[in-house]
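K.L.:
Before anything else, here's the structure in question.
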Amino acid sequence: FVEACGVGFHTQCYPSNSIDFGVSFTAMHWLSAFPSSLRGSNHMHAARCTQPPQPEKEQAANDWSSILKARAKELVPGGRFVCVNFCVSGDGYFLGQTDAGVSMWDSFQTAWDTLKEQGLIDEEERLGVSFPNYYRTKDEFVTGIDDIPELKLISIEERIVRCPYRELYVKGETGLSAREYAEWFVPTTKSWSHSTFRNALRSERDDKEDVLNQFWENYVSLVEEEPKDHGMDYAH
């Protein structure tokens, strides 16, 4: 059966000692508060910085602690919790930026910068993108767990999951043209990022969706030029 819980995962979602087995996939990188300290820079995301901004780093650490404390309360004695979460790998890889193809984040930046060249955004808006999530390192994950005495780490590992869109296209299994592939792939990046780009635009604008439609068209056109280079690998 299906149950919906209207409480965010940063707090306790279920009664204490009620969960035997919990699983979370690609969710807990989102922050409960938005430091937005990347506004005014070209980085967009903390993972692209040489050193992650301290406000995002501290918020992520506090959130991870809250998440673990909540899960520790929910689990029965001997219960298990599996968390498959985005990370910055030991090789420095993260979502959309690995050793395969071009960086999704570079493509985001190019498509966004093009809006200024097209006269659709100003410089403040160009530098206004700051993603409210954080990809933790293995050490950051482990440190959080070690601080919760009710929890015991059983195992931890890193995996790169290749982008299924690009894999199928490169193998010639889609039958899609370059344009069709771009129109197929880009929406999977749009599904989780659209609102962040929208928040970079001035609040008084009434043409935000028109601007964003052009942004996504810029990205589609970029992918269409070299479709085999574009994908979104996962780093877990």
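By order of appearance in the structure tokens: chains A, B, ..., then residues from 1 within every chain, and ligands from 1 in the order shown.
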Would you list the contacts of Trp216 (chain A) as an mmCIF file with N, CA and C atoms, in the first residue's frame, taking every protein, DNA or RNA residue within 9 Å and counting only C-alpha atoms, but skipping same-chain residues closer than 3 positions in sequence?
P.N.:
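In the end it all went to part.cif:
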```cif
data_model
loop_
_atom_site.group_PDB
_atom_site.id
_atom_site.type_symbol
_atom_site.label_atom_id
_atom_site.label_comp_id
_atom_site.auth_asym_id
_atom_site.auth_seq_id
_atom_site.Cartn_x
_atom_site.Cartn_y
_atom_site.Cartn_z
ATOM 1 N N ALA A 111 24.407 28.205 -21.453
ATOM 2 C CA ALA A 111 23.029 28.497 -21.870
ATOM 3 C C ALA A 111 22.478 29.701 -21.118
ATOM 4 N N TRP A 112 22.852 29.830 -19.840
ATOM 5 C CA TRP A 112 22.380 30.954 -19.024
ATOM 6 C C TRP A 112 23.061 32.257 -19.450
ATOM 7 N N VAL A 186 17.275 16.914 -22.236
ATOM 8 C CA VAL A 186 17.298 18.155 -21.438
ATOM 9 C C VAL A 186 16.204 18.210 -20.376
ATOM 10 N N PRO A 187 14.977 17.747 -20.636
ATOM 11 C CA PRO A 187 13.949 17.833 -19.581
ATOM 12 C C PRO A 187 14.304 17.131 -18.280
ATOM 13 N N LYS A 190 15.941 19.685 -16.368
ATOM 14 C CA LYS A 190 14.995 20.763 -16.054
ATOM 15 C C LYS A 190 14.118 20.428 -14.854
ATOM 16 N N VAL A 211 11.474 33.835 -20.406
ATOM 17 C CA VAL A 211 12.938 33.840 -20.328
ATOM 18 C C VAL A 211 13.463 32.426 -20.142
ATOM 19 N N LEU A 212 12.817 31.672 -19.271
ATOM 20 C CA LEU A 212 13.272 30.311 -19.005
ATOM 21 C C LEU A 212 13.041 29.394 -20.197
ATOM 22 N N ASN A 213 11.976 29.613 -20.930
ATOM 23 C CA ASN A 213 11.770 28.829 -22.155
ATOM 24 C C ASN A 213 12.940 29.037 -23.112
ATOM 25 N N TYR A 219 19.892 25.539 -24.161
ATOM 26 C CA TYR A 219 20.538 24.287 -23.748
ATOM 27 C C TYR A 219 20.283 23.188 -24.783
ATOM 28 N N VAL A 220 19.053 23.081 -25.251
ATOM 29 C CA VAL A 220 18.730 22.087 -26.280
ATOM 30 C C VAL A 220 19.611 22.305 -27.515
ATOM 31 N N SER A 221 19.773 23.541 -27.929
ATOM 32 C CA SER A 221 20.591 23.842 -29.109
ATOM 33 C C SER A 221 22.045 23.468 -28.871
#
```
K.L.:
Can you list every residue of region 103-152 of chain A that has an atom at most 8 Å from region 48-69 of chain A, with its nearest atom pair and the distance in Å to one decimal, using only C-alpha atoms, ordered by chain then number, as a Markdown table?
P.N.:
```
| residue | atom | partner | partner_atom | distance |
| --- | --- | --- | --- | --- |
| A:Asn133 | CA | A:Ala60 | CA | 7.9 |
| A:Tyr134 | CA | A:Ala60 | CA | 6.3 |
| A:Arg136 | CA | A:Ala60 | CA | 7.8 |
| A:Glu140 | CA | A:Ala61 | CA | 7.5 |
| A:Phe141 | CA | A:Trp64 | CA | 7.8 |
| A:Gly144 | CA | A:Ser65 | CA | 5.8 |
| A:Ile145 | CA | A:Leu68 | CA | 7.0 |
| A:Asp147 | CA | A:Ser65 | CA | 7.9 |
| A:Ile148 | CA | A:Lys69 | CA | 6.8 |
```
K.L.:
Using the selection just defined, write its residues with all heavy atoms as a tab-separated table (two decimals), in the first residue's frame.
P.N.:
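Generated file (out.tsv):
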```
chain	number	residue	atom	x	y	z
A	133	ASN	N	21.34	23.12	-2.70
A	133	ASN	CA	21.66	21.75	-2.30
A	133	ASN	C	23.17	21.58	-2.20
A	133	ASN	O	23.93	22.48	-2.59
A	133	ASN	CB	21.02	20.71	-3.23
A	133	ASN	CG	21.40	20.87	-4.68
A	133	ASN	OD1	22.57	21.05	-5.02
A	133	ASN	ND2	20.42	20.80	-5.57
A	134	TYR	N	23.60	20.45	-1.66
A	134	TYR	CA	25.01	20.26	-1.34
A	134	TYR	C	25.35	18.78	-1.50
A	134	TYR	O	24.67	17.91	-0.95
A	134	TYR	CB	25.26	20.70	0.11
A	134	TYR	CG	26.71	20.69	0.55
A	134	TYR	CD1	27.50	21.81	0.40
A	134	TYR	CD2	27.28	19.56	1.13
A	134	TYR	CE1	28.83	21.82	0.82
A	134	TYR	CE2	28.59	19.55	1.55
A	134	TYR	CZ	29.37	20.68	1.39
A	134	TYR	OH	30.69	20.69	1.81
A	136	ARG	N	27.71	16.02	-0.47
A	136	ARG	CA	28.67	15.76	0.59
A	136	ARG	C	29.77	14.80	0.14
A	136	ARG	O	29.56	13.95	-0.74
A	136	ARG	CB	27.95	15.18	1.81
A	136	ARG	CG	26.90	16.13	2.40
A	136	ARG	CD	26.09	15.46	3.51
A	136	ARG	NE	25.07	16.35	4.06
A	136	ARG	CZ	23.83	16.46	3.57
A	136	ARG	NH1	23.45	15.72	2.54
A	136	ARG	NH2	22.97	17.31	4.11
A	140	GLU	N	32.29	13.66	5.03
A	140	GLU	CA	31.17	14.42	5.61
A	140	GLU	C	30.01	13.50	5.98
A	140	GLU	O	29.34	13.70	7.00
A	140	GLU	CB	30.73	15.51	4.64
A	140	GLU	CG	31.72	16.66	4.55
A	140	GLU	CD	31.40	17.66	3.47
A	140	GLU	OE1	30.92	17.25	2.38
A	140	GLU	OE2	31.62	18.87	3.69
A	141	PHE	N	29.77	12.50	5.14
A	141	PHE	CA	28.73	11.51	5.48
A	141	PHE	C	29.09	10.76	6.76
A	141	PHE	O	28.29	10.63	7.68
A	141	PHE	CB	28.55	10.51	4.34
A	141	PHE	CG	27.71	11.01	3.20
A	141	PHE	CD1	28.25	11.16	1.94
A	141	PHE	CD2	26.37	11.31	3.38
A	141	PHE	CE1	27.48	11.60	0.89
A	141	PHE	CE2	25.59	11.76	2.34
A	141	PHE	CZ	26.15	11.91	1.08
A	144	GLY	N	29.03	12.70	10.18
A	144	GLY	CA	27.68	12.87	10.69
A	144	GLY	C	27.17	11.64	11.40
A	144	GLY	O	26.54	11.73	12.47
A	145	ILE	N	27.44	10.47	10.83
A	145	ILE	CA	26.98	9.22	11.43
A	145	ILE	C	27.70	8.94	12.74
A	145	ILE	O	27.09	8.51	13.73
A	145	ILE	CB	27.18	8.05	10.44
A	145	ILE	CG1	26.34	8.28	9.18
A	145	ILE	CG2	26.81	6.72	11.08
A	145	ILE	CD1	26.66	7.33	8.03
A	147	ASP	N	28.65	10.91	14.86
A	147	ASP	CA	28.17	11.80	15.93
A	147	ASP	C	26.83	11.35	16.53
A	147	ASP	O	26.36	11.96	17.49
A	147	ASP	CB	28.03	13.23	15.40
A	147	ASP	CG	29.38	13.88	15.11
A	147	ASP	OD1	30.39	13.40	15.67
A	147	ASP	OD2	29.43	14.85	14.33
A	148	ILE	N	26.22	10.30	15.96
A	148	ILE	CA	24.92	9.83	16.44
A	148	ILE	C	25.13	8.45	17.06
A	148	ILE	O	25.24	7.44	16.35
A	148	ILE	CB	23.88	9.73	15.30
A	148	ILE	CG1	23.85	11.02	14.48
A	148	ILE	CG2	22.51	9.40	15.87
A	148	ILE	CD1	23.41	12.24	15.26
```
K.L.:
Set the distance at 10 Å and use only C-alpha atoms: which residues neighbour Gly79 (chain A) once local chain neighbours fewer than 6 positions away are removed? I'd like the list as a list of chain:residue names.
P.N.:
A:Asn17, A:Ser18, A:Ile19, A:Asp20, A:Phe21, A:Gly22, A:Arg71, A:Ala72, A:Leu151
K.L.:
Take the residues from that selection and put them in a file with N, CA, C and O atoms, as an mmCIF file, in the first residue's frame.
P.N.:
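The result, stored in part.cif:
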```
data_model
loop_
_atom_site.group_PDB
_atom_site.id
_atom_site.type_symbol
_atom_site.label_atom_id
_atom_site.label_comp_id
_atom_site.auth_asym_id
_atom_site.auth_seq_id
_atom_site.Cartn_x
_atom_site.Cartn_y
_atom_site.Cartn_z
ATOM 1 N N ASN A 17 10.571 4.354 16.983
ATOM 2 C CA ASN A 17 10.602 2.888 17.029
ATOM 3 C C ASN A 17 9.493 2.258 16.177
ATOM 4 O O ASN A 17 8.833 1.306 16.596
ATOM 5 N N SER A 18 9.315 2.794 14.943
ATOM 6 C CA SER A 18 8.242 2.278 14.089
ATOM 7 C C SER A 18 8.718 1.795 12.725
ATOM 8 O O SER A 18 7.960 1.182 11.982
ATOM 9 N N ILE A 19 9.985 2.033 12.384
ATOM 10 C CA ILE A 19 10.483 1.701 11.056
ATOM 11 C C ILE A 19 11.518 0.579 11.154
ATOM 12 O O ILE A 19 12.523 0.703 11.846
ATOM 13 N N ASP A 20 11.247 -0.521 10.434
ATOM 14 C CA ASP A 20 12.215 -1.622 10.381
ATOM 15 C C ASP A 20 13.265 -1.407 9.297
ATOM 16 O O ASP A 20 14.430 -1.752 9.473
ATOM 17 N N PHE A 21 12.836 -0.848 8.175
ATOM 18 C CA PHE A 21 13.754 -0.700 7.035
ATOM 19 C C PHE A 21 13.382 0.561 6.263
ATOM 20 O O PHE A 21 12.252 0.699 5.796
ATOM 21 N N GLY A 22 14.307 1.492 6.196
ATOM 22 C CA GLY A 22 14.070 2.737 5.478
ATOM 23 C C GLY A 22 15.037 2.884 4.317
ATOM 24 O O GLY A 22 16.197 2.463 4.395
ATOM 25 N N ARG A 71 16.080 9.881 11.764
ATOM 26 C CA ARG A 71 16.014 8.470 11.366
ATOM 27 C C ARG A 71 16.335 7.559 12.550
ATOM 28 O O ARG A 71 15.760 6.468 12.686
ATOM 29 N N ALA A 72 17.262 7.990 13.409
ATOM 30 C CA ALA A 72 17.611 7.178 14.581
ATOM 31 C C ALA A 72 16.403 6.995 15.494
ATOM 32 O O ALA A 72 16.213 5.928 16.092
ATOM 33 N N LEU A 151 23.298 5.168 16.011
ATOM 34 C CA LEU A 151 23.496 4.613 14.670
ATOM 35 C C LEU A 151 24.874 3.986 14.533
ATOM 36 O O LEU A 151 25.850 4.464 15.111
#
```
K.L.:
Could you give me, as a VMD selection string, the residues within 8 Å of region 33-40 of chain A, counting only C-alpha atoms and dropping anything in the same chain fewer than 2 positions from it?
P.N.:
chain A and resid 31 42 to 46 53 55 to 56 59 124 127 to 132
K.L.:
Hey, which of A:His230, A:Lys73, A:His10, A:Arg202 ends up closest to Arg166 (chain A)? Count only C-alpha atoms.
P.N.:
A:His230
K.L.:
So that I can check the secondary structure, give me every residue of region 23-190 of chain A assigned helix (DSSP H, G or I) by backbone DSSP, as an MDAnalysis selection string.
P.N.:
chainID A and resid 46:48 54:74 104:117 123:126 138:146 164:170 178:190
K.L.:
Quick one: residues within 12 Å of Asp139 (chain A), only C-alpha atoms, excluding same-chain residues fewer than 2 positions away - as a PDB file with N, CA, C and O atoms, in the first residue's frame?
P.N.:
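To be explicit, this is the file written out as result-v2.pdb:
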```pdb
ATOM      1  N   ALA A  61      25.963  20.299   6.949  1.00  0.00           N
ATOM      2  CA  ALA A  61      26.349  19.522   8.127  1.00  0.00           C
ATOM      3  C   ALA A  61      25.223  19.514   9.161  1.00  0.00           C
ATOM      4  O   ALA A  61      24.900  18.466   9.738  1.00  0.00           O
ATOM      5  N   CYS A  87      26.924  12.754  -4.116  1.00  0.00           N
ATOM      6  CA  CYS A  87      28.153  13.059  -3.386  1.00  0.00           C
ATOM      7  C   CYS A  87      29.159  13.734  -4.307  1.00  0.00           C
ATOM      8  O   CYS A  87      28.972  13.818  -5.525  1.00  0.00           O
ATOM      9  N   VAL A  88      30.237  14.208  -3.706  1.00  0.00           N
ATOM     10  CA  VAL A  88      31.458  14.525  -4.432  1.00  0.00           C
ATOM     11  C   VAL A  88      32.392  13.347  -4.199  1.00  0.00           C
ATOM     12  O   VAL A  88      32.755  13.056  -3.059  1.00  0.00           O
ATOM     13  N   SER A  89      32.747  12.650  -5.256  1.00  0.00           N
ATOM     14  CA  SER A  89      33.520  11.415  -5.114  1.00  0.00           C
ATOM     15  C   SER A  89      34.976  11.710  -4.773  1.00  0.00           C
ATOM     16  O   SER A  89      35.434  12.857  -4.830  1.00  0.00           O
ATOM     17  N   GLY A  90      35.704  10.657  -4.446  1.00  0.00           N
ATOM     18  CA  GLY A  90      37.127  10.803  -4.165  1.00  0.00           C
ATOM     19  C   GLY A  90      37.907  11.332  -5.348  1.00  0.00           C
ATOM     20  O   GLY A  90      38.980  11.921  -5.182  1.00  0.00           O
ATOM     21  N   TYR A 135      26.411  18.501  -2.262  1.00  0.00           N
ATOM     22  CA  TYR A 135      26.864  17.123  -2.449  1.00  0.00           C
ATOM     23  C   TYR A 135      27.990  16.855  -1.446  1.00  0.00           C
ATOM     24  O   TYR A 135      29.081  17.412  -1.558  1.00  0.00           O
ATOM     25  N   ARG A 136      27.710  16.016  -0.475  1.00  0.00           N
ATOM     26  CA  ARG A 136      28.671  15.759   0.593  1.00  0.00           C
ATOM     27  C   ARG A 136      29.773  14.799   0.136  1.00  0.00           C
ATOM     28  O   ARG A 136      29.564  13.954  -0.739  1.00  0.00           O
ATOM     29  N   THR A 137      30.920  14.902   0.761  1.00  0.00           N
ATOM     30  CA  THR A 137      31.996  13.937   0.553  1.00  0.00           C
ATOM     31  C   THR A 137      31.764  12.730   1.457  1.00  0.00           C
ATOM     32  O   THR A 137      30.934  12.767   2.373  1.00  0.00           O
ATOM     33  N   PHE A 141      29.768  12.499   5.144  1.00  0.00           N
ATOM     34  CA  PHE A 141      28.733  11.515   5.485  1.00  0.00           C
ATOM     35  C   PHE A 141      29.094  10.760   6.762  1.00  0.00           C
ATOM     36  O   PHE A 141      28.285  10.625   7.676  1.00  0.00           O
ATOM     37  N   VAL A 142      30.321  10.264   6.816  1.00  0.00           N
ATOM     38  CA  VAL A 142      30.745   9.421   7.945  1.00  0.00           C
ATOM     39  C   VAL A 142      30.797  10.211   9.243  1.00  0.00           C
ATOM     40  O   VAL A 142      30.367   9.725  10.301  1.00  0.00           O
ATOM     41  N   THR A 143      31.312  11.434   9.179  1.00  0.00           N
ATOM     42  CA  THR A 143      31.393  12.265  10.378  1.00  0.00           C
ATOM     43  C   THR A 143      30.019  12.458  11.005  1.00  0.00           C
ATOM     44  O   THR A 143      29.849  12.365  12.221  1.00  0.00           O
ATOM     45  N   GLY A 144      29.033  12.698  10.177  1.00  0.00           N
ATOM     46  CA  GLY A 144      27.682  12.874  10.694  1.00  0.00           C
ATOM     47  C   GLY A 144      27.166  11.637  11.405  1.00  0.00           C
ATOM     48  O   GLY A 144      26.540  11.726  12.468  1.00  0.00           O
ATOM     49  N   ILE A 145      27.441  10.470  10.827  1.00  0.00           N
ATOM     50  CA  ILE A 145      26.978   9.215  11.428  1.00  0.00           C
ATOM     51  C   ILE A 145      27.702   8.937  12.738  1.00  0.00           C
ATOM     52  O   ILE A 145      27.091   8.505  13.730  1.00  0.00           O
ATOM     53  N   ASP A 146      28.995   9.201  12.770  1.00  0.00           N
ATOM     54  CA  ASP A 146      29.785   8.955  13.979  1.00  0.00           C
ATOM     55  C   ASP A 146      29.295   9.789  15.162  1.00  0.00           C
ATOM     56  O   ASP A 146      29.516   9.413  16.323  1.00  0.00           O
ATOM     57  N   ILE A 156      29.812   1.752   3.420  1.00  0.00           N
ATOM     58  CA  ILE A 156      29.675   2.950   2.605  1.00  0.00           C
ATOM     59  C   ILE A 156      30.530   2.764   1.358  1.00  0.00           C
ATOM     60  O   ILE A 156      31.638   2.234   1.429  1.00  0.00           O
ATOM     61  N   GLU A 157      30.001   3.154   0.208  1.00  0.00           N
ATOM     62  CA  GLU A 157      30.756   3.032  -1.033  1.00  0.00           C
ATOM     63  C   GLU A 157      30.314   4.104  -2.017  1.00  0.00           C
ATOM     64  O   GLU A 157      29.228   4.673  -1.887  1.00  0.00           O
ATOM     65  N   GLU A 158      31.194   4.403  -2.970  1.00  0.00           N
ATOM     66  CA  GLU A 158      30.898   5.359  -4.024  1.00  0.00           C
ATOM     67  C   GLU A 158      30.646   4.623  -5.334  1.00  0.00           C
ATOM     68  O   GLU A 158      31.306   3.627  -5.633  1.00  0.00           O
TER      69      GLU A 158
END
```
K.L.:
Pick out the closest residue to Glu217 (chain A) from this set: A:Leu115, A:Ala4, A:Leu153, A:Ala178. Count only C-alpha atoms.
P.N.:
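Between A:Leu115, A:Ala4, A:Leu153, A:Ala178, the residue approaching Glu217 (chain A) most closely is A:Leu115.
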K.L.:
Looking only at the backbone, which of the residues in region 15-213 of chain A does DSSP tag as strand (DSSP E), as a ChimeraX atom specification?
P.N.:
/A:19-25,75-84,160-161
K.L.:
Counting only C-alpha atoms, which residue out of A:Leu176, A:Ile154, A:Ile160, A:Met28 sits closest to Tyr93 (chain A)?
P.N.:
A:Ile160
K.L.:
Which residue, A:Cys13, A:Val170, A:Val76, A:Ala182, has the smallest gap to Asn218 (chain A) when you use only C-alpha atoms?
P.N.:
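Using only C-alpha atoms, Asn218 (chain A) sits closest to A:Ala182.
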